[in-house]
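One file, coords00.txt, is given below (compact mmCIF, N, CA and C atoms).
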```txt
# COMPACT_ATOMS: atom_id res chain seq x y z
N MET A 242 0.82 -1.17 0.00
CA MET A 242 0.00 0.00 0.00
C MET A 242 0.88 1.25 0.00
N LEU A 243 1.89 1.23 0.84
CA LEU A 243 2.77 2.39 0.91
C LEU A 243 3.50 2.61 -0.41
N PHE A 244 3.87 1.52 -1.07
CA PHE A 244 4.53 1.65 -2.37
C PHE A 244 3.61 2.36 -3.36
N SER A 245 2.34 1.97 -3.39
CA SER A 245 1.39 2.62 -4.30
C SER A 245 1.23 4.10 -4.00
N VAL A 246 1.20 4.44 -2.73
CA VAL A 246 1.10 5.85 -2.35
C VAL A 246 2.30 6.61 -2.89
N SER A 247 3.50 6.07 -2.70
CA SER A 247 4.72 6.75 -3.18
C SER A 247 4.79 6.82 -4.69
N LEU A 248 4.50 5.70 -5.34
CA LEU A 248 4.59 5.69 -6.80
C LEU A 248 3.60 6.67 -7.42
N ALA A 249 2.40 6.73 -6.88
CA ALA A 249 1.40 7.69 -7.38
C ALA A 249 1.89 9.12 -7.20
N GLU A 250 2.50 9.39 -6.07
CA GLU A 250 2.99 10.74 -5.78
C GLU A 250 4.17 11.10 -6.68
N LYS A 251 5.07 10.14 -6.89
CA LYS A 251 6.30 10.43 -7.63
C LYS A 251 6.12 10.39 -9.15
N ALA A 252 5.27 9.51 -9.64
CA ALA A 252 5.16 9.33 -11.08
C ALA A 252 3.77 9.61 -11.64
N GLY A 253 2.86 10.03 -10.79
CA GLY A 253 1.49 10.30 -11.23
C GLY A 253 1.40 11.34 -12.33
N GLU A 254 2.23 12.38 -12.25
CA GLU A 254 2.20 13.43 -13.28
C GLU A 254 2.65 12.93 -14.64
N LYS A 255 3.31 11.78 -14.66
CA LYS A 255 3.76 11.19 -15.93
C LYS A 255 2.75 10.15 -16.44
N GLY A 256 1.60 10.09 -15.79
CA GLY A 256 0.55 9.17 -16.24
C GLY A 256 0.57 7.80 -15.58
N VAL A 257 1.48 7.60 -14.64
CA VAL A 257 1.54 6.32 -13.94
C VAL A 257 0.46 6.28 -12.86
N GLU A 258 -0.31 5.22 -12.86
CA GLU A 258 -1.32 5.03 -11.82
C GLU A 258 -0.98 3.77 -11.03
N SER A 259 -1.18 3.84 -9.73
CA SER A 259 -0.85 2.72 -8.85
C SER A 259 -1.93 2.60 -7.78
N PHE A 260 -2.46 1.40 -7.65
CA PHE A 260 -3.49 1.14 -6.65
C PHE A 260 -3.12 -0.12 -5.87
N SER A 261 -3.50 -0.16 -4.61
CA SER A 261 -3.37 -1.37 -3.80
C SER A 261 -4.71 -2.08 -3.88
N LEU A 262 -4.67 -3.38 -4.13
CA LEU A 262 -5.90 -4.13 -4.33
C LEU A 262 -6.06 -5.24 -3.31
N TYR A 263 -7.27 -5.41 -2.85
CA TYR A 263 -7.62 -6.58 -2.05
C TYR A 263 -8.67 -7.35 -2.85
N PRO A 264 -8.30 -8.50 -3.39
CA PRO A 264 -9.23 -9.26 -4.23
C PRO A 264 -10.27 -10.06 -3.44
N GLY A 265 -10.18 -10.07 -2.13
CA GLY A 265 -11.07 -10.90 -1.32
C GLY A 265 -10.40 -12.22 -1.00
N ARG A 266 -11.02 -12.97 -0.12
CA ARG A 266 -10.47 -14.29 0.21
C ARG A 266 -10.84 -15.27 -0.89
N ARG A 267 -9.91 -16.12 -1.18
CA ARG A 267 -10.08 -17.09 -2.24
C ARG A 267 -9.42 -18.37 -1.78
N GLU A 268 -10.10 -19.49 -1.95
CA GLU A 268 -9.48 -20.76 -1.59
C GLU A 268 -8.52 -21.16 -2.71
N THR A 269 -7.24 -21.12 -2.39
CA THR A 269 -6.20 -21.49 -3.35
C THR A 269 -5.30 -22.51 -2.68
N GLY A 270 -4.26 -22.91 -3.34
CA GLY A 270 -3.32 -23.86 -2.77
C GLY A 270 -2.34 -23.22 -1.80
N ILE A 271 -2.42 -21.91 -1.61
CA ILE A 271 -1.44 -21.23 -0.77
C ILE A 271 -1.50 -21.72 0.68
N GLY A 272 -2.65 -22.18 1.11
CA GLY A 272 -2.78 -22.66 2.49
C GLY A 272 -2.74 -24.17 2.62
N ARG A 273 -2.22 -24.86 1.61
CA ARG A 273 -2.23 -26.32 1.63
C ARG A 273 -1.40 -26.90 2.76
N HIS A 274 -0.47 -26.14 3.30
CA HIS A 274 0.36 -26.62 4.40
C HIS A 274 -0.38 -26.55 5.75
N LEU A 275 -1.50 -25.83 5.78
CA LEU A 275 -2.25 -25.68 7.03
C LEU A 275 -3.01 -26.95 7.36
N LYS A 276 -3.06 -27.26 8.62
CA LYS A 276 -3.83 -28.41 9.08
C LYS A 276 -5.30 -27.99 9.15
N PRO A 277 -6.22 -28.95 9.02
CA PRO A 277 -7.66 -28.61 9.07
C PRO A 277 -8.03 -27.81 10.31
N GLU A 278 -7.45 -28.14 11.45
CA GLU A 278 -7.80 -27.41 12.68
C GLU A 278 -7.33 -25.95 12.63
N GLU A 279 -6.28 -25.67 11.85
CA GLU A 279 -5.82 -24.28 11.72
C GLU A 279 -6.82 -23.45 10.89
N TRP A 280 -7.40 -24.07 9.87
CA TRP A 280 -8.44 -23.40 9.09
C TRP A 280 -9.64 -23.08 9.99
N VAL A 281 -9.99 -24.05 10.84
CA VAL A 281 -11.12 -23.86 11.75
C VAL A 281 -10.80 -22.77 12.76
N LYS A 282 -9.60 -22.83 13.34
CA LYS A 282 -9.20 -21.84 14.34
C LYS A 282 -9.21 -20.42 13.75
N ALA A 283 -8.80 -20.29 12.51
CA ALA A 283 -8.79 -18.98 11.84
C ALA A 283 -10.21 -18.51 11.51
N GLY A 284 -11.16 -19.43 11.58
CA GLY A 284 -12.55 -19.08 11.28
C GLY A 284 -12.91 -19.19 9.81
N TRP A 285 -12.02 -19.72 9.00
CA TRP A 285 -12.25 -19.81 7.56
C TRP A 285 -13.07 -21.03 7.16
N LYS A 286 -12.97 -22.10 7.98
CA LYS A 286 -13.73 -23.32 7.69
C LYS A 286 -14.43 -23.80 8.95
N HIS A 287 -15.47 -24.61 8.71
CA HIS A 287 -16.19 -25.24 9.81
C HIS A 287 -15.51 -26.56 10.16
N GLN A 288 -15.89 -27.14 11.27
CA GLN A 288 -15.30 -28.42 11.72
C GLN A 288 -15.40 -29.50 10.64
N ASP A 289 -16.48 -29.50 9.86
CA ASP A 289 -16.66 -30.52 8.82
C ASP A 289 -15.83 -30.26 7.56
N GLY A 290 -15.04 -29.17 7.56
CA GLY A 290 -14.17 -28.85 6.43
C GLY A 290 -14.80 -27.94 5.39
N SER A 291 -16.07 -27.61 5.56
CA SER A 291 -16.73 -26.71 4.61
C SER A 291 -16.32 -25.26 4.88
N ILE A 292 -16.36 -24.46 3.84
CA ILE A 292 -15.99 -23.05 3.93
C ILE A 292 -16.99 -22.30 4.80
N ASN A 293 -16.49 -21.44 5.66
CA ASN A 293 -17.34 -20.54 6.45
C ASN A 293 -17.75 -19.41 5.52
N ASP A 294 -18.99 -19.40 5.11
CA ASP A 294 -19.42 -18.41 4.12
C ASP A 294 -19.98 -17.13 4.74
N ASP A 295 -19.52 -16.81 5.93
CA ASP A 295 -19.90 -15.55 6.57
C ASP A 295 -19.51 -14.39 5.64
N PRO A 296 -20.45 -13.52 5.29
CA PRO A 296 -20.15 -12.41 4.37
C PRO A 296 -18.98 -11.52 4.83
N LYS A 297 -18.75 -11.44 6.13
CA LYS A 297 -17.65 -10.62 6.63
C LYS A 297 -16.29 -11.14 6.16
N LEU A 298 -16.23 -12.43 5.82
CA LEU A 298 -14.96 -13.01 5.37
C LEU A 298 -14.65 -12.67 3.91
N ASN A 299 -15.66 -12.20 3.17
CA ASN A 299 -15.45 -11.72 1.81
C ASN A 299 -14.84 -12.78 0.88
N TRP A 300 -15.36 -14.02 0.94
CA TRP A 300 -14.92 -15.04 0.00
C TRP A 300 -15.34 -14.62 -1.40
N ARG A 301 -14.47 -14.85 -2.36
CA ARG A 301 -14.73 -14.43 -3.73
C ARG A 301 -14.39 -15.57 -4.69
N THR A 302 -15.09 -15.60 -5.81
CA THR A 302 -14.73 -16.51 -6.88
C THR A 302 -13.51 -15.93 -7.60
N ALA A 303 -12.93 -16.71 -8.48
CA ALA A 303 -11.78 -16.21 -9.24
C ALA A 303 -12.17 -14.97 -10.05
N SER A 304 -13.33 -15.00 -10.67
CA SER A 304 -13.79 -13.86 -11.47
C SER A 304 -14.03 -12.63 -10.61
N GLN A 305 -14.64 -12.83 -9.45
CA GLN A 305 -14.88 -11.71 -8.55
C GLN A 305 -13.56 -11.12 -8.06
N GLY A 306 -12.60 -11.98 -7.74
CA GLY A 306 -11.30 -11.52 -7.28
C GLY A 306 -10.56 -10.74 -8.35
N ALA A 307 -10.70 -11.17 -9.60
CA ALA A 307 -10.03 -10.50 -10.71
C ALA A 307 -10.70 -9.17 -11.07
N ALA A 308 -11.97 -9.04 -10.74
CA ALA A 308 -12.72 -7.84 -11.14
C ALA A 308 -12.12 -6.56 -10.59
N THR A 309 -11.63 -6.58 -9.35
CA THR A 309 -11.04 -5.36 -8.78
C THR A 309 -9.80 -4.95 -9.57
N LEU A 310 -9.02 -5.93 -9.98
CA LEU A 310 -7.84 -5.65 -10.80
C LEU A 310 -8.24 -5.03 -12.14
N ILE A 311 -9.28 -5.57 -12.75
CA ILE A 311 -9.76 -5.05 -14.04
C ILE A 311 -10.23 -3.60 -13.89
N VAL A 312 -10.96 -3.32 -12.82
CA VAL A 312 -11.42 -1.94 -12.58
C VAL A 312 -10.22 -1.01 -12.42
N ALA A 313 -9.23 -1.45 -11.64
CA ALA A 313 -8.04 -0.61 -11.42
C ALA A 313 -7.30 -0.34 -12.73
N ALA A 314 -7.24 -1.34 -13.58
CA ALA A 314 -6.48 -1.19 -14.82
C ALA A 314 -7.21 -0.40 -15.91
N TYR A 315 -8.53 -0.49 -15.94
CA TYR A 315 -9.24 0.05 -17.10
C TYR A 315 -10.30 1.12 -16.82
N ASN A 316 -10.58 1.43 -15.57
CA ASN A 316 -11.63 2.41 -15.29
C ASN A 316 -11.04 3.81 -15.16
N PRO A 317 -11.22 4.66 -16.17
CA PRO A 317 -10.63 6.00 -16.12
C PRO A 317 -11.23 6.90 -15.04
N SER A 318 -12.39 6.54 -14.52
CA SER A 318 -13.04 7.42 -13.54
C SER A 318 -12.36 7.39 -12.16
N ILE A 319 -11.39 6.49 -11.98
CA ILE A 319 -10.70 6.44 -10.68
C ILE A 319 -9.31 7.06 -10.74
N SER A 320 -8.93 7.61 -11.87
CA SER A 320 -7.59 8.20 -12.01
C SER A 320 -7.29 9.25 -10.96
N ASP A 321 -8.29 9.99 -10.55
CA ASP A 321 -8.07 11.03 -9.55
C ASP A 321 -7.89 10.46 -8.14
N LYS A 322 -8.00 9.14 -8.02
CA LYS A 322 -7.81 8.47 -6.72
C LYS A 322 -6.48 7.70 -6.71
N ASN A 323 -5.56 8.09 -7.58
CA ASN A 323 -4.26 7.43 -7.72
C ASN A 323 -3.60 7.24 -6.35
N GLY A 324 -3.09 6.04 -6.10
CA GLY A 324 -2.43 5.72 -4.83
C GLY A 324 -3.38 5.14 -3.80
N SER A 325 -4.63 4.96 -4.16
CA SER A 325 -5.65 4.51 -3.21
C SER A 325 -5.70 2.99 -3.05
N TYR A 326 -6.51 2.59 -2.09
CA TYR A 326 -6.77 1.18 -1.78
C TYR A 326 -8.11 0.80 -2.39
N MET A 327 -8.16 -0.38 -3.03
CA MET A 327 -9.39 -0.83 -3.66
C MET A 327 -9.81 -2.18 -3.11
N VAL A 328 -11.11 -2.32 -2.91
CA VAL A 328 -11.71 -3.58 -2.47
C VAL A 328 -13.10 -3.67 -3.09
N ASN A 329 -13.50 -4.86 -3.48
CA ASN A 329 -14.82 -5.08 -4.08
C ASN A 329 -15.09 -4.13 -5.25
N ASN A 330 -14.12 -3.99 -6.11
CA ASN A 330 -14.24 -3.25 -7.36
C ASN A 330 -14.35 -1.74 -7.22
N GLN A 331 -14.01 -1.22 -6.06
CA GLN A 331 -14.10 0.23 -5.88
C GLN A 331 -13.01 0.75 -4.94
N VAL A 332 -12.72 2.02 -5.08
CA VAL A 332 -11.79 2.67 -4.16
C VAL A 332 -12.46 2.73 -2.80
N ASN A 333 -11.73 2.28 -1.78
CA ASN A 333 -12.31 2.27 -0.44
C ASN A 333 -11.20 2.45 0.59
N ASN A 334 -10.63 3.65 0.65
CA ASN A 334 -9.56 3.93 1.61
C ASN A 334 -10.02 3.78 3.05
N GLY A 335 -11.32 3.85 3.28
CA GLY A 335 -11.85 3.72 4.63
C GLY A 335 -11.64 2.35 5.24
N GLU A 336 -11.40 1.33 4.41
CA GLU A 336 -11.15 -0.01 4.93
C GLU A 336 -9.68 -0.23 5.28
N ALA A 337 -8.84 0.69 4.92
CA ALA A 337 -7.41 0.56 5.21
C ALA A 337 -7.08 1.29 6.51
N VAL A 338 -6.12 0.77 7.24
CA VAL A 338 -5.68 1.47 8.45
C VAL A 338 -4.92 2.73 8.02
N ASP A 339 -5.02 3.78 8.81
CA ASP A 339 -4.45 5.08 8.44
C ASP A 339 -2.97 5.02 8.09
N TYR A 340 -2.19 4.28 8.88
CA TYR A 340 -0.74 4.28 8.65
C TYR A 340 -0.36 3.60 7.33
N ALA A 341 -1.26 2.78 6.77
CA ALA A 341 -0.95 2.09 5.52
C ALA A 341 -1.04 3.01 4.31
N LEU A 342 -1.68 4.15 4.46
CA LEU A 342 -1.81 5.11 3.36
C LEU A 342 -1.16 6.44 3.69
N ASP A 343 -0.43 6.49 4.78
CA ASP A 343 0.18 7.74 5.24
C ASP A 343 1.35 8.14 4.33
N PRO A 344 1.32 9.32 3.73
CA PRO A 344 2.40 9.76 2.83
C PRO A 344 3.78 9.79 3.50
N LYS A 345 3.84 10.13 4.78
CA LYS A 345 5.14 10.15 5.48
C LYS A 345 5.70 8.74 5.60
N ASN A 346 4.85 7.78 5.94
CA ASN A 346 5.30 6.39 6.01
C ASN A 346 5.72 5.88 4.63
N ALA A 347 4.96 6.30 3.61
CA ALA A 347 5.28 5.89 2.24
C ALA A 347 6.66 6.40 1.83
N GLU A 348 6.95 7.64 2.17
CA GLU A 348 8.26 8.22 1.84
C GLU A 348 9.38 7.51 2.59
N LYS A 349 9.14 7.20 3.86
CA LYS A 349 10.16 6.47 4.65
C LYS A 349 10.46 5.12 4.01
N LEU A 350 9.41 4.41 3.61
CA LEU A 350 9.61 3.10 2.98
C LEU A 350 10.33 3.24 1.64
N TRP A 351 9.99 4.26 0.88
CA TRP A 351 10.64 4.48 -0.42
C TRP A 351 12.14 4.69 -0.22
N LYS A 352 12.48 5.56 0.74
CA LYS A 352 13.90 5.84 1.00
C LYS A 352 14.63 4.60 1.53
N LEU A 353 13.99 3.86 2.40
CA LEU A 353 14.60 2.63 2.92
C LEU A 353 14.82 1.64 1.79
N SER A 354 13.86 1.51 0.89
CA SER A 354 13.99 0.61 -0.25
C SER A 354 15.16 1.01 -1.14
N GLU A 355 15.30 2.31 -1.38
CA GLU A 355 16.43 2.79 -2.18
C GLU A 355 17.75 2.46 -1.49
N GLU A 356 17.78 2.64 -0.20
CA GLU A 356 18.98 2.35 0.58
C GLU A 356 19.34 0.87 0.50
N ILE A 357 18.35 0.02 0.65
CA ILE A 357 18.58 -1.43 0.64
C ILE A 357 19.10 -1.90 -0.71
N VAL A 358 18.52 -1.40 -1.81
CA VAL A 358 18.95 -1.85 -3.13
C VAL A 358 20.13 -1.04 -3.67
N GLY A 359 20.48 0.04 -2.99
CA GLY A 359 21.64 0.83 -3.42
C GLY A 359 21.40 1.62 -4.69
N GLN A 360 20.17 2.05 -4.91
CA GLN A 360 19.85 2.82 -6.11
C GLN A 360 18.75 3.82 -5.80
N LYS A 361 18.89 5.00 -6.38
CA LYS A 361 17.85 6.03 -6.24
C LYS A 361 16.88 5.89 -7.42
N PHE A 362 15.61 6.03 -7.12
CA PHE A 362 14.58 5.99 -8.16
C PHE A 362 13.91 7.35 -8.20
N GLU A 363 14.20 8.08 -9.26
CA GLU A 363 13.65 9.43 -9.40
C GLU A 363 12.86 9.50 -10.69
N TYR A 364 11.74 10.17 -10.63
CA TYR A 364 10.85 10.24 -11.80
C TYR A 364 10.58 11.65 -12.19
```
Rewritten as C-alpha cells:
Amino acid sequence: MLFSVSLAEKAGEKGVESFSLYPGRRETGIGRHLKPEEWVKAGWKHQDGSINDDPKLNWRTASQGAATLIVAAYNPSISDKNGSYMVNNQVNNGEAVDYALDPKNAEKLWKLSEEIVGQKFEY
C-alpha cells in the first residue's frame, strides 16, 4: 500500500497510476500446508471442512477476485484516486488502516527501499 502511495505521488504526473488491491479471500493452494484445525481456528472453515461463508470473510470466486484488478487497470473514472486502496471493485480507503496510506510512512519506505537496493529511483 505504501509503495502505491509513493509511486502515485512520484510518477502520477507522468501518467503512472498505482493502486493497492484486495481481491477478497479465495481458496487457493497457498494454504495447503495448514492443518484442518488451523483453518477452523482462523474461522475460515467449519469443523466438517466446509468453507465458512460468513459475508464478513469476503470469499470471492476467481472472477470476482479479478474484477477489482480489471477496474483498477481500465476504469478512467478512478484516475483522480491514484495511490488509493481498492476492495470489491471500488476505491475504499476507509477499509485501510491510516498508517498504511500515510504519505510520510510511504516516503520512509521508499527511502529505505532505495537504501537497501543501493539505487535512487527518481521520476
Quick one: distance from atom N of Tyr315 of chain A to atom C of Ala252 of chain A in Å, one decimal?
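According to the coordinates, atom N of Tyr315 of chain A and atom C of Ala252 of chain A are separated by 16.5 Å.
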Just the residues within 10 Å of Ala337 of chain A, please, counting only C-alpha atoms, with nothing from its chain fewer than 5 positions along; format it as a VMD selection string.
chain A and resid 242 325 to 328 342
Let me have the centre and edge lengths in Å, one decimal, of the box along x, y and z around every listed atom of segment 268-272 of chain A with 6 Å of margin on each side, as lines of an AutoDock Vina configuration file.
```
center_x = -5.8
center_y = -21.8
center_z = -0.4
size_x = 20.7
size_y = 16.7
size_z = 18.0
```
Just list the residues in chain A DSSP gives strand (DSSP E or B) on the backbone, as a compact mmCIF listing (two decimals) with N, CA and C atoms, in the coordinates of the input.
```
# COMPACT_ATOMS: atom_id res chain seq x y z
N SER A 261 -3.50 -0.16 -4.61
CA SER A 261 -3.37 -1.37 -3.80
C SER A 261 -4.71 -2.08 -3.88
N LEU A 262 -4.67 -3.38 -4.13
CA LEU A 262 -5.90 -4.13 -4.33
C LEU A 262 -6.06 -5.24 -3.31
N TYR A 263 -7.27 -5.41 -2.85
CA TYR A 263 -7.62 -6.58 -2.05
C TYR A 263 -8.67 -7.35 -2.85
N ARG A 266 -11.02 -12.97 -0.12
CA ARG A 266 -10.47 -14.29 0.21
C ARG A 266 -10.84 -15.27 -0.89
N LYS A 286 -12.97 -22.10 7.98
CA LYS A 286 -13.73 -23.32 7.69
C LYS A 286 -14.43 -23.80 8.95
N ILE A 292 -16.36 -24.46 3.84
CA ILE A 292 -15.99 -23.05 3.93
C ILE A 292 -16.99 -22.30 4.80
N TRP A 300 -15.36 -14.02 0.94
CA TRP A 300 -14.92 -15.04 0.00
C TRP A 300 -15.34 -14.62 -1.40
N TYR A 326 -6.51 2.59 -2.09
CA TYR A 326 -6.77 1.18 -1.78
C TYR A 326 -8.11 0.80 -2.39
N MET A 327 -8.16 -0.38 -3.03
CA MET A 327 -9.39 -0.83 -3.66
C MET A 327 -9.81 -2.18 -3.11
N VAL A 328 -11.11 -2.32 -2.91
CA VAL A 328 -11.71 -3.58 -2.47
C VAL A 328 -13.10 -3.67 -3.09
N GLN A 331 -14.01 -1.22 -6.06
CA GLN A 331 -14.10 0.23 -5.88
C GLN A 331 -13.01 0.75 -4.94
N VAL A 332 -12.72 2.02 -5.08
CA VAL A 332 -11.79 2.67 -4.16
C VAL A 332 -12.46 2.73 -2.80
```
May I ask for the distance between atom CA of Ala249 of chain A and atom CA of Gly265 of chain A, given in Å to one decimal place?
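It comes out at 23.2 Å.
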For segment 290-324 of chain A of the structure just presented, write N, CA and C atoms to a file, as a PDB file, in the first residue's frame.
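In the end it all went to selection00.pdb:
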```pdb
ATOM      1  N   GLY A 290     -15.041 -29.173   7.562  1.00  0.00           N
ATOM      2  CA  GLY A 290     -14.170 -28.847   6.434  1.00  0.00           C
ATOM      3  C   GLY A 290     -14.802 -27.938   5.394  1.00  0.00           C
ATOM      4  N   SER A 291     -16.074 -27.612   5.564  1.00  0.00           N
ATOM      5  CA  SER A 291     -16.729 -26.713   4.605  1.00  0.00           C
ATOM      6  C   SER A 291     -16.320 -25.263   4.883  1.00  0.00           C
ATOM      7  N   ILE A 292     -16.355 -24.463   3.840  1.00  0.00           N
ATOM      8  CA  ILE A 292     -15.987 -23.046   3.932  1.00  0.00           C
ATOM      9  C   ILE A 292     -16.990 -22.301   4.804  1.00  0.00           C
ATOM     10  N   ASN A 293     -16.491 -21.437   5.662  1.00  0.00           N
ATOM     11  CA  ASN A 293     -17.344 -20.545   6.448  1.00  0.00           C
ATOM     12  C   ASN A 293     -17.751 -19.408   5.518  1.00  0.00           C
ATOM     13  N   ASP A 294     -18.991 -19.402   5.107  1.00  0.00           N
ATOM     14  CA  ASP A 294     -19.423 -18.409   4.121  1.00  0.00           C
ATOM     15  C   ASP A 294     -19.985 -17.130   4.739  1.00  0.00           C
ATOM     16  N   ASP A 295     -19.520 -16.806   5.927  1.00  0.00           N
ATOM     17  CA  ASP A 295     -19.901 -15.549   6.572  1.00  0.00           C
ATOM     18  C   ASP A 295     -19.510 -14.394   5.643  1.00  0.00           C
ATOM     19  N   PRO A 296     -20.450 -13.516   5.294  1.00  0.00           N
ATOM     20  CA  PRO A 296     -20.149 -12.405   4.373  1.00  0.00           C
ATOM     21  C   PRO A 296     -18.982 -11.525   4.831  1.00  0.00           C
ATOM     22  N   LYS A 297     -18.753 -11.444   6.128  1.00  0.00           N
ATOM     23  CA  LYS A 297     -17.647 -10.615   6.626  1.00  0.00           C
ATOM     24  C   LYS A 297     -16.288 -11.142   6.163  1.00  0.00           C
ATOM     25  N   LEU A 298     -16.226 -12.432   5.818  1.00  0.00           N
ATOM     26  CA  LEU A 298     -14.956 -13.010   5.366  1.00  0.00           C
ATOM     27  C   LEU A 298     -14.648 -12.674   3.909  1.00  0.00           C
ATOM     28  N   ASN A 299     -15.658 -12.199   3.170  1.00  0.00           N
ATOM     29  CA  ASN A 299     -15.448 -11.721   1.807  1.00  0.00           C
ATOM     30  C   ASN A 299     -14.845 -12.782   0.884  1.00  0.00           C
ATOM     31  N   TRP A 300     -15.359 -14.016   0.936  1.00  0.00           N
ATOM     32  CA  TRP A 300     -14.918 -15.040  -0.003  1.00  0.00           C
ATOM     33  C   TRP A 300     -15.339 -14.624  -1.400  1.00  0.00           C
ATOM     34  N   ARG A 301     -14.471 -14.849  -2.358  1.00  0.00           N
ATOM     35  CA  ARG A 301     -14.734 -14.433  -3.727  1.00  0.00           C
ATOM     36  C   ARG A 301     -14.395 -15.572  -4.689  1.00  0.00           C
ATOM     37  N   THR A 302     -15.085 -15.597  -5.807  1.00  0.00           N
ATOM     38  CA  THR A 302     -14.734 -16.514  -6.882  1.00  0.00           C
ATOM     39  C   THR A 302     -13.510 -15.932  -7.595  1.00  0.00           C
ATOM     40  N   ALA A 303     -12.930 -16.715  -8.482  1.00  0.00           N
ATOM     41  CA  ALA A 303     -11.780 -16.208  -9.241  1.00  0.00           C
ATOM     42  C   ALA A 303     -12.175 -14.968 -10.050  1.00  0.00           C
ATOM     43  N   SER A 304     -13.331 -15.001 -10.675  1.00  0.00           N
ATOM     44  CA  SER A 304     -13.793 -13.856 -11.470  1.00  0.00           C
ATOM     45  C   SER A 304     -14.029 -12.628 -10.606  1.00  0.00           C
ATOM     46  N   GLN A 305     -14.640 -12.833  -9.453  1.00  0.00           N
ATOM     47  CA  GLN A 305     -14.877 -11.705  -8.547  1.00  0.00           C
ATOM     48  C   GLN A 305     -13.559 -11.119  -8.059  1.00  0.00           C
ATOM     49  N   GLY A 306     -12.604 -11.984  -7.745  1.00  0.00           N
ATOM     50  CA  GLY A 306     -11.300 -11.519  -7.282  1.00  0.00           C
ATOM     51  C   GLY A 306     -10.562 -10.735  -8.354  1.00  0.00           C
ATOM     52  N   ALA A 307     -10.701 -11.173  -9.599  1.00  0.00           N
ATOM     53  CA  ALA A 307     -10.027 -10.496 -10.711  1.00  0.00           C
ATOM     54  C   ALA A 307     -10.697  -9.174 -11.067  1.00  0.00           C
ATOM     55  N   ALA A 308     -11.967  -9.036 -10.742  1.00  0.00           N
ATOM     56  CA  ALA A 308     -12.722  -7.843 -11.143  1.00  0.00           C
ATOM     57  C   ALA A 308     -12.116  -6.555 -10.593  1.00  0.00           C
ATOM     58  N   THR A 309     -11.631  -6.578  -9.354  1.00  0.00           N
ATOM     59  CA  THR A 309     -11.038  -5.364  -8.777  1.00  0.00           C
ATOM     60  C   THR A 309      -9.797  -4.953  -9.569  1.00  0.00           C
ATOM     61  N   LEU A 310      -9.020  -5.931  -9.985  1.00  0.00           N
ATOM     62  CA  LEU A 310      -7.836  -5.645 -10.797  1.00  0.00           C
ATOM     63  C   LEU A 310      -8.237  -5.034 -12.141  1.00  0.00           C
ATOM     64  N   ILE A 311      -9.283  -5.567 -12.748  1.00  0.00           N
ATOM     65  CA  ILE A 311      -9.758  -5.045 -14.037  1.00  0.00           C
ATOM     66  C   ILE A 311     -10.228  -3.597 -13.888  1.00  0.00           C
ATOM     67  N   VAL A 312     -10.964  -3.316 -12.823  1.00  0.00           N
ATOM     68  CA  VAL A 312     -11.423  -1.943 -12.576  1.00  0.00           C
ATOM     69  C   VAL A 312     -10.220  -1.014 -12.416  1.00  0.00           C
ATOM     70  N   ALA A 313      -9.232  -1.448 -11.637  1.00  0.00           N
ATOM     71  CA  ALA A 313      -8.041  -0.614 -11.417  1.00  0.00           C
ATOM     72  C   ALA A 313      -7.302  -0.342 -12.726  1.00  0.00           C
ATOM     73  N   ALA A 314      -7.241  -1.336 -13.581  1.00  0.00           N
ATOM     74  CA  ALA A 314      -6.479  -1.192 -14.822  1.00  0.00           C
ATOM     75  C   ALA A 314      -7.207  -0.404 -15.906  1.00  0.00           C
ATOM     76  N   TYR A 315      -8.532  -0.490 -15.938  1.00  0.00           N
ATOM     77  CA  TYR A 315      -9.245   0.050 -17.097  1.00  0.00           C
ATOM     78  C   TYR A 315     -10.301   1.118 -16.816  1.00  0.00           C
ATOM     79  N   ASN A 316     -10.583   1.433 -15.571  1.00  0.00           N
ATOM     80  CA  ASN A 316     -11.634   2.407 -15.292  1.00  0.00           C
ATOM     81  C   ASN A 316     -11.038   3.810 -15.159  1.00  0.00           C
ATOM     82  N   PRO A 317     -11.224   4.661 -16.168  1.00  0.00           N
ATOM     83  CA  PRO A 317     -10.626   6.002 -16.118  1.00  0.00           C
ATOM     84  C   PRO A 317     -11.231   6.903 -15.039  1.00  0.00           C
ATOM     85  N   SER A 318     -12.389   6.544 -14.522  1.00  0.00           N
ATOM     86  CA  SER A 318     -13.038   7.420 -13.535  1.00  0.00           C
ATOM     87  C   SER A 318     -12.365   7.390 -12.164  1.00  0.00           C
ATOM     88  N   ILE A 319     -11.389   6.488 -11.976  1.00  0.00           N
ATOM     89  CA  ILE A 319     -10.700   6.442 -10.678  1.00  0.00           C
ATOM     90  C   ILE A 319      -9.308   7.063 -10.736  1.00  0.00           C
ATOM     91  N   SER A 320      -8.933   7.611 -11.868  1.00  0.00           N
ATOM     92  CA  SER A 320      -7.593   8.198 -12.014  1.00  0.00           C
ATOM     93  C   SER A 320      -7.288   9.250 -10.964  1.00  0.00           C
ATOM     94  N   ASP A 321      -8.293   9.994 -10.552  1.00  0.00           N
ATOM     95  CA  ASP A 321      -8.069  11.034  -9.545  1.00  0.00           C
ATOM     96  C   ASP A 321      -7.892  10.456  -8.141  1.00  0.00           C
ATOM     97  N   LYS A 322      -7.995   9.143  -8.018  1.00  0.00           N
ATOM     98  CA  LYS A 322      -7.806   8.465  -6.723  1.00  0.00           C
ATOM     99  C   LYS A 322      -6.477   7.698  -6.713  1.00  0.00           C
ATOM    100  N   ASN A 323      -5.563   8.092  -7.583  1.00  0.00           N
ATOM    101  CA  ASN A 323      -4.263   7.434  -7.716  1.00  0.00           C
ATOM    102  C   ASN A 323      -3.604   7.241  -6.350  1.00  0.00           C
ATOM    103  N   GLY A 324      -3.086   6.036  -6.099  1.00  0.00           N
ATOM    104  CA  GLY A 324      -2.434   5.723  -4.833  1.00  0.00           C
ATOM    105  C   GLY A 324      -3.377   5.143  -3.795  1.00  0.00           C
TER     106      GLY A 324
END
```
